[in-house]
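Peer 1: Pasting in a structure now, in structure tokens, and then I'll have a few things to ask.
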Amino acid sequence: MSRNYEIYRSLGISKEVLSYGESILEELRERFLQIDSTAEYNQLKVIKAMQDAKVSEACLLGTTGYGYNDLGRDTLEAVYANIFHTEDALVRPQITCGTHALALALSSCLRPGDELLSPVGKPYDTLEEVIGIRPSRGSLAEYGITYRQVDLLEDGGFDYENIKKAINSKTKMVTIQRSKGYQTRPTLSVGRIGELIAFIKKIKPDVICMVDNCYGEFVERTEPTDTGADLAVGSLIKNPGGGLAPTGGYIAGKKEYVENAACRLTSPGLAKEVGASLGILNSFYQGLFLAPTVTASALKGAVFAASLYEGLGFPVIPDGREERHDIIQAVTFGSPEGIVAFCKGIQAAAPVDSFVTPEPWDMPGYDSKVIMAAGAFVSGSSIELSADGPIKPPYAVYFQGGLTWPHAKFGIMRSLQQLLDDGVISFQKGVFCLNRDK
């Protein structure tokens, strides 16, 4: 039994849950060493980018008003461009979330009569209204931009034959979602994304390939822009913000397309020249500095969760042995009660709002009730320990985050404890069993 049993017990973890968790960890030491090696590489990559850009104390101060000549903002964007090996980057607190960053990139590069193609199936739920798959005010569809989609094959592979058929004279832009979103499909590795982009560019070289990079930054040693992506887009309250960025998003890629996004964010003629940083730059820089090791903590939590729940017989994607390409772990419970209990456990493990009970609700941008657990220092930050899922078949929950590995470990065991407490599972004759009526 762990020497820390008494403190775990005081936090609601039973001896049975802790013993099971510790037995799982014995098998993961080599995996964790691999994660730490990648974190070390990416940490040095970030430091080099900051040193090359000559980040100084003056860069941390920020501006007000129009934000003209904001040294810290412009230098930070040079740092991001260096890390992603791109011509330019837009990194702003005025970008409110990942969906906003993606909408900016799409709407700034597409024009009436153009067509957007997703060769990896349905995009994340909140993008459906951006594109116009679900009718919404201001969608791309309202501006005469059409959309075409090619689903992945049953084994998660690319349907190259139908992708080739889908590309036509109107195809202006391709959107590739790296992470699984609310789907139980494999996350795409940087290598596989590069292969897909090479295939598409061979058919139509001038097509713009954008990658939704949310949850994937610093998981591997390379990023999609290293393997052919014209744009990589993400949120600062996920991996690259390191848990310190209180808001913001980024778009990194070819200068022309980044400039398009800047004109859409601010105004034609003003573009990147305006946009005050309002004293937020210190957290952007420090969060980016911490991001590789914070991402590593979240990855360890994802691997632990996969191994723990797979051992209980629940379907998990990816499993505990697969390589990781994002920080999200999907666990399919097959019932609403399982999702709710899991999220209650994650919330109960939080440093903030641990006493709150999450409930499913009609969240804007989704087509079903969604439950979210996130007792976070930054509201909605999914690099912090969090879990969410739509209340619809196959009733899968999506777990991510953990600013520190000990917190991720505790949160996962607390989720298992909640399943036990709520009767979704039981402990009989020394083993955990699924209660089928739940």
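Residues are named by chain letter and number: chains run A, B, ... in the order of the structure tokens, numbers start at 1 in each chain, and ligands are numbered from 1 in the order shown.
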Residues within 7 Å of range 94-107 of chain A, please, as a VMD selection string. Count only C-alpha atoms; anything in the same chain fewer than 5 positions from it doesn't count.
Peer 2: chain A and resid 126 to 127 130 140 233 to 235 247 to 251 261 264 to 265
Peer 1: Just the helix (DSSP H, G or I) stuff from range 239-432 of chain A, please, per backbone DSSP, written as a PyMOL selection string.
Peer 2: chain A and resi 239-241+255-265+271-273+281-310+336-348+405-421
Peer 1: Take the residues from that selection and put them in a file with C-alpha atoms, as a PDB file, in the first residue's frame.
Peer 2:
```pdb
ATOM      1  CA  ASN A 239      -1.505  22.784 -24.298  1.00  0.00           C
ATOM      2  CA  PRO A 240       0.521  25.841 -25.409  1.00  0.00           C
ATOM      3  CA  GLY A 241      -0.746  28.085 -22.607  1.00  0.00           C
ATOM      4  CA  LYS A 255       2.595  34.705 -43.954  1.00  0.00           C
ATOM      5  CA  GLU A 256      -0.164  35.353 -46.493  1.00  0.00           C
ATOM      6  CA  TYR A 257      -2.718  33.260 -44.612  1.00  0.00           C
ATOM      7  CA  VAL A 258      -1.725  34.584 -41.192  1.00  0.00           C
ATOM      8  CA  GLU A 259      -2.113  38.122 -42.535  1.00  0.00           C
ATOM      9  CA  ASN A 260      -5.573  37.186 -43.845  1.00  0.00           C
ATOM     10  CA  ALA A 261      -6.546  36.041 -40.351  1.00  0.00           C
ATOM     11  CA  ALA A 262      -5.160  39.228 -38.788  1.00  0.00           C
ATOM     12  CA  CYS A 263      -7.244  41.367 -41.163  1.00  0.00           C
ATOM     13  CA  ARG A 264     -10.320  39.394 -40.182  1.00  0.00           C
ATOM     14  CA  LEU A 265      -9.536  39.649 -36.459  1.00  0.00           C
ATOM     15  CA  ALA A 271      -4.144  43.611 -39.464  1.00  0.00           C
ATOM     16  CA  LYS A 272      -1.357  42.716 -36.985  1.00  0.00           C
ATOM     17  CA  GLU A 273      -0.411  46.322 -36.225  1.00  0.00           C
ATOM     18  CA  LEU A 281       1.995  38.761 -21.951  1.00  0.00           C
ATOM     19  CA  ASN A 282       3.790  37.523 -18.843  1.00  0.00           C
ATOM     20  CA  SER A 283       1.347  34.623 -18.521  1.00  0.00           C
ATOM     21  CA  PHE A 284       1.575  33.909 -22.269  1.00  0.00           C
ATOM     22  CA  TYR A 285       5.361  33.682 -22.175  1.00  0.00           C
ATOM     23  CA  GLN A 286       5.611  31.778 -18.910  1.00  0.00           C
ATOM     24  CA  GLY A 287       2.772  29.449 -19.889  1.00  0.00           C
ATOM     25  CA  LEU A 288       4.512  28.649 -23.165  1.00  0.00           C
ATOM     26  CA  PHE A 289       7.740  28.005 -21.255  1.00  0.00           C
ATOM     27  CA  LEU A 290       5.953  25.508 -18.984  1.00  0.00           C
ATOM     28  CA  ALA A 291       3.849  23.954 -21.759  1.00  0.00           C
ATOM     29  CA  PRO A 292       6.091  20.974 -22.638  1.00  0.00           C
ATOM     30  CA  THR A 293       6.234  19.664 -19.057  1.00  0.00           C
ATOM     31  CA  VAL A 294       2.579  20.451 -18.350  1.00  0.00           C
ATOM     32  CA  THR A 295       1.637  18.553 -21.520  1.00  0.00           C
ATOM     33  CA  ALA A 296       3.777  15.644 -20.297  1.00  0.00           C
ATOM     34  CA  SER A 297       1.831  15.555 -17.015  1.00  0.00           C
ATOM     35  CA  ALA A 298      -1.446  15.470 -18.955  1.00  0.00           C
ATOM     36  CA  LEU A 299      -0.098  12.692 -21.184  1.00  0.00           C
ATOM     37  CA  LYS A 300       0.844  10.573 -18.171  1.00  0.00           C
ATOM     38  CA  GLY A 301      -2.679  11.055 -16.866  1.00  0.00           C
ATOM     39  CA  ALA A 302      -4.161   9.955 -20.197  1.00  0.00           C
ATOM     40  CA  VAL A 303      -2.001   6.817 -20.329  1.00  0.00           C
ATOM     41  CA  PHE A 304      -2.869   6.002 -16.710  1.00  0.00           C
ATOM     42  CA  ALA A 305      -6.598   6.488 -17.345  1.00  0.00           C
ATOM     43  CA  ALA A 306      -6.481   4.284 -20.455  1.00  0.00           C
ATOM     44  CA  SER A 307      -4.678   1.473 -18.649  1.00  0.00           C
ATOM     45  CA  LEU A 308      -6.862   1.691 -15.543  1.00  0.00           C
ATOM     46  CA  TYR A 309     -10.221   1.666 -17.340  1.00  0.00           C
ATOM     47  CA  GLU A 310      -9.118  -0.839 -19.970  1.00  0.00           C
ATOM     48  CA  PRO A 336     -25.377   8.146 -19.162  1.00  0.00           C
ATOM     49  CA  GLU A 337     -24.796   7.115 -15.540  1.00  0.00           C
ATOM     50  CA  GLY A 338     -21.203   6.173 -16.303  1.00  0.00           C
ATOM     51  CA  ILE A 339     -20.424   9.541 -17.926  1.00  0.00           C
ATOM     52  CA  VAL A 340     -22.056  11.483 -15.100  1.00  0.00           C
ATOM     53  CA  ALA A 341     -20.282   9.518 -12.357  1.00  0.00           C
ATOM     54  CA  PHE A 342     -16.894   9.933 -14.063  1.00  0.00           C
ATOM     55  CA  CYS A 343     -17.365  13.701 -14.396  1.00  0.00           C
ATOM     56  CA  LYS A 344     -18.534  13.979 -10.783  1.00  0.00           C
ATOM     57  CA  GLY A 345     -15.315  12.268  -9.703  1.00  0.00           C
ATOM     58  CA  ILE A 346     -13.106  14.592 -11.767  1.00  0.00           C
ATOM     59  CA  GLN A 347     -14.916  17.628 -10.346  1.00  0.00           C
ATOM     60  CA  ALA A 348     -14.519  16.313  -6.800  1.00  0.00           C
ATOM     61  CA  TRP A 405       1.031  14.395 -12.744  1.00  0.00           C
ATOM     62  CA  PRO A 406       0.057  13.863  -9.048  1.00  0.00           C
ATOM     63  CA  HIS A 407      -3.167  15.797  -9.638  1.00  0.00           C
ATOM     64  CA  ALA A 408      -3.964  13.826 -12.797  1.00  0.00           C
ATOM     65  CA  LYS A 409      -3.329  10.575 -10.928  1.00  0.00           C
ATOM     66  CA  PHE A 410      -5.600  11.583  -8.059  1.00  0.00           C
ATOM     67  CA  GLY A 411      -8.352  12.769 -10.406  1.00  0.00           C
ATOM     68  CA  ILE A 412      -8.449   9.499 -12.314  1.00  0.00           C
ATOM     69  CA  MET A 413      -8.645   7.446  -9.120  1.00  0.00           C
ATOM     70  CA  ARG A 414     -11.336   9.802  -7.805  1.00  0.00           C
ATOM     71  CA  SER A 415     -13.357   9.166 -10.980  1.00  0.00           C
ATOM     72  CA  LEU A 416     -13.113   5.417 -10.379  1.00  0.00           C
ATOM     73  CA  GLN A 417     -14.122   5.920  -6.749  1.00  0.00           C
ATOM     74  CA  GLN A 418     -17.211   7.849  -7.899  1.00  0.00           C
ATOM     75  CA  LEU A 419     -18.229   5.023 -10.242  1.00  0.00           C
ATOM     76  CA  LEU A 420     -17.948   2.703  -7.240  1.00  0.00           C
ATOM     77  CA  ASP A 421     -19.852   5.049  -4.924  1.00  0.00           C
TER      78      ASP A 421
END
```
Peer 1: Have a look at A:Val356, A:Leu25, A:Leu44, A:Ile203 and name the one nearest to Asn168 in chain A; count only C-alpha atoms.
Peer 2: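 The shortest atom-to-atom distance to Asn168 in chain A comes from A:Ile203.
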Peer 1: When you count only C-alpha atoms, which of these residues is closest to Ala387 in chain A: A:Ile24, A:Glu16, A:Ile145, A:Val370?
Peer 2: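 Looking at the shortest contact to Ala387 in chain A, the residue is A:Val370.
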Peer 1: Pick out the closest residue to Thr227 in chain A from this set: A:Glu195, A:Asp353, A:Glu30, A:Glu161. Count only C-alpha atoms.
Peer 2: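 Under the stated criterion, the closest residue is A:Glu195.
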Peer 1: Have a look at CA of Lys45 in chain A and CA of His85 in chain A and let me know their distance in Å, one decimal.
Peer 2: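 CA of His85 in chain A lies 11.0 Å from CA of Lys45 in chain A.
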